[in-house]
Amino acid sequence: MFYDLLIAFKQDVIKKRYKDFSELLDYCKHSANPIGRLILELFDVRNEKAYYYSDKICTALQLTNFFQDLKIDYQKGRIYLPQDEMDKFFVSEKMFAGNETNLYLKNLLEFNIERTEKIFIDGRNLLSFLKGRLKREINWTILGGETILGKIKSINYDVLNKRPVLTKSDYFNLFVKSIFY
């Protein structure tokens, strides 16, 4: 697991673009998924299906962060949207430079967010392997990611000009929802 994190760290230094979704998933496999597996290990959850669902949640959270931070990552020279999908949706890097959220970028983000929501839904099965506080905290984390995706939709996918964030009231609502799941 720690080796995977080192791979991701090295990749962050040298890789700035991802040719397709499978390359992006491979990055998530090294950058995000080990964190979930470490948490499961700390709580003595050692089950292949739990690992699978944890990977789904961690990947969905990582993808959500990519959409949320599209502008910030671009300013650092990185784009975490698959290049083949950018081409398919007629999205160019010039749009990022000009903070231009047009119909093409909106369609690309909508496509990616729908796919990420499905990954979250699949990953929610992890909760059946968890108990108590860990279950509530993981549920809270999932709800937080899903809420960010909802906020991106509510700003009409304009993440280049408005970074969606959780508010204090969002945190309170998420806490309440996570308790009564």
# chains A, B, ... in the order shown; residues from 1 in each chain; ligands from 1
>>> residues_around(residues="A:Val165", least_positions_apart="5", cutoff="9 Å", atoms="only C-alpha atoms", output="ChimeraX atom specification")
/A:68,148,151
>>> closest_atom_pairs(of="stretch 3-54 of chain A", to="stretch 104-121 of chain A", cutoff="10 Å", atoms="only C-alpha atoms", output="Markdown table")
| residue | atom | partner | partner_atom | distance |
| --- | --- | --- | --- | --- |
| A:Phe21 | CA | A:Asn112 | CA | 9.8 |
| A:Tyr53 | CA | A:Phe120 | CA | 9.0 |
| A:Ser54 | CA | A:Phe120 | CA | 9.9 |
>>> select_by_dssp(residues="stretch 7-94 of chain A", states="helix (DSSP H, G or I)", output="number ranges by chain")
A: 7-14, 21-31, 33-42, 48-68, 70-75, 83-88, 93-94
>>> atom_distance(atom1="atom CA of A:Lys162", atom2="atom CA of A:Gly145")
16.8 Å
>>> residues_around(residues="A:Lys177", least_positions_apart="5", cutoff="9 Å", atoms="only C-alpha atoms", output="mmCIF file with C-alpha atoms, in the first residue's frame")
data_model
loop_
_atom_site.group_PDB
_atom_site.id
_atom_site.type_symbol
_atom_site.label_atom_id
_atom_site.label_comp_id
_atom_site.auth_asym_id
_atom_site.auth_seq_id
_atom_site.Cartn_x
_atom_site.Cartn_y
_atom_site.Cartn_z
ATOM 1 C CA ASN A 139 -20.894 7.386 5.183
ATOM 2 C CA TRP A 140 -20.254 11.045 6.044
ATOM 3 C CA LEU A 143 -22.139 11.982 1.410
ATOM 4 C CA PHE A 172 -24.079 19.763 9.823
#
>>> closest_residue(among="A:Ile179, A:Leu160, A:Leu174, A:Leu126", to="A:Glu93", atoms="only C-alpha atoms")
A:Leu160
>>> closest_residue(among="A:Phe43, A:Tyr18, A:Tyr51, A:Phe96", to="A:Lys71", atoms="only C-alpha atoms")
A:Phe96
>>> closest_residue(among="A:Leu24, A:Ile79, A:Leu40, A:Ile14", to="A:Phe129", atoms="only C-alpha atoms")
A:Leu40
>>> closest_residue(among="A:Ile72, A:Leu130, A:Ala60, A:Leu149", to="A:Leu25", atoms="only C-alpha atoms")
A:Ala60
>>> atom_distance(atom1="atom CA of A:Glu85", atom2="atom CA of A:Lys19")
8.5 Å
>>> atom_distance(atom1="atom CA of A:Phe89", atom2="atom CA of A:Arg17")
16.4 Å
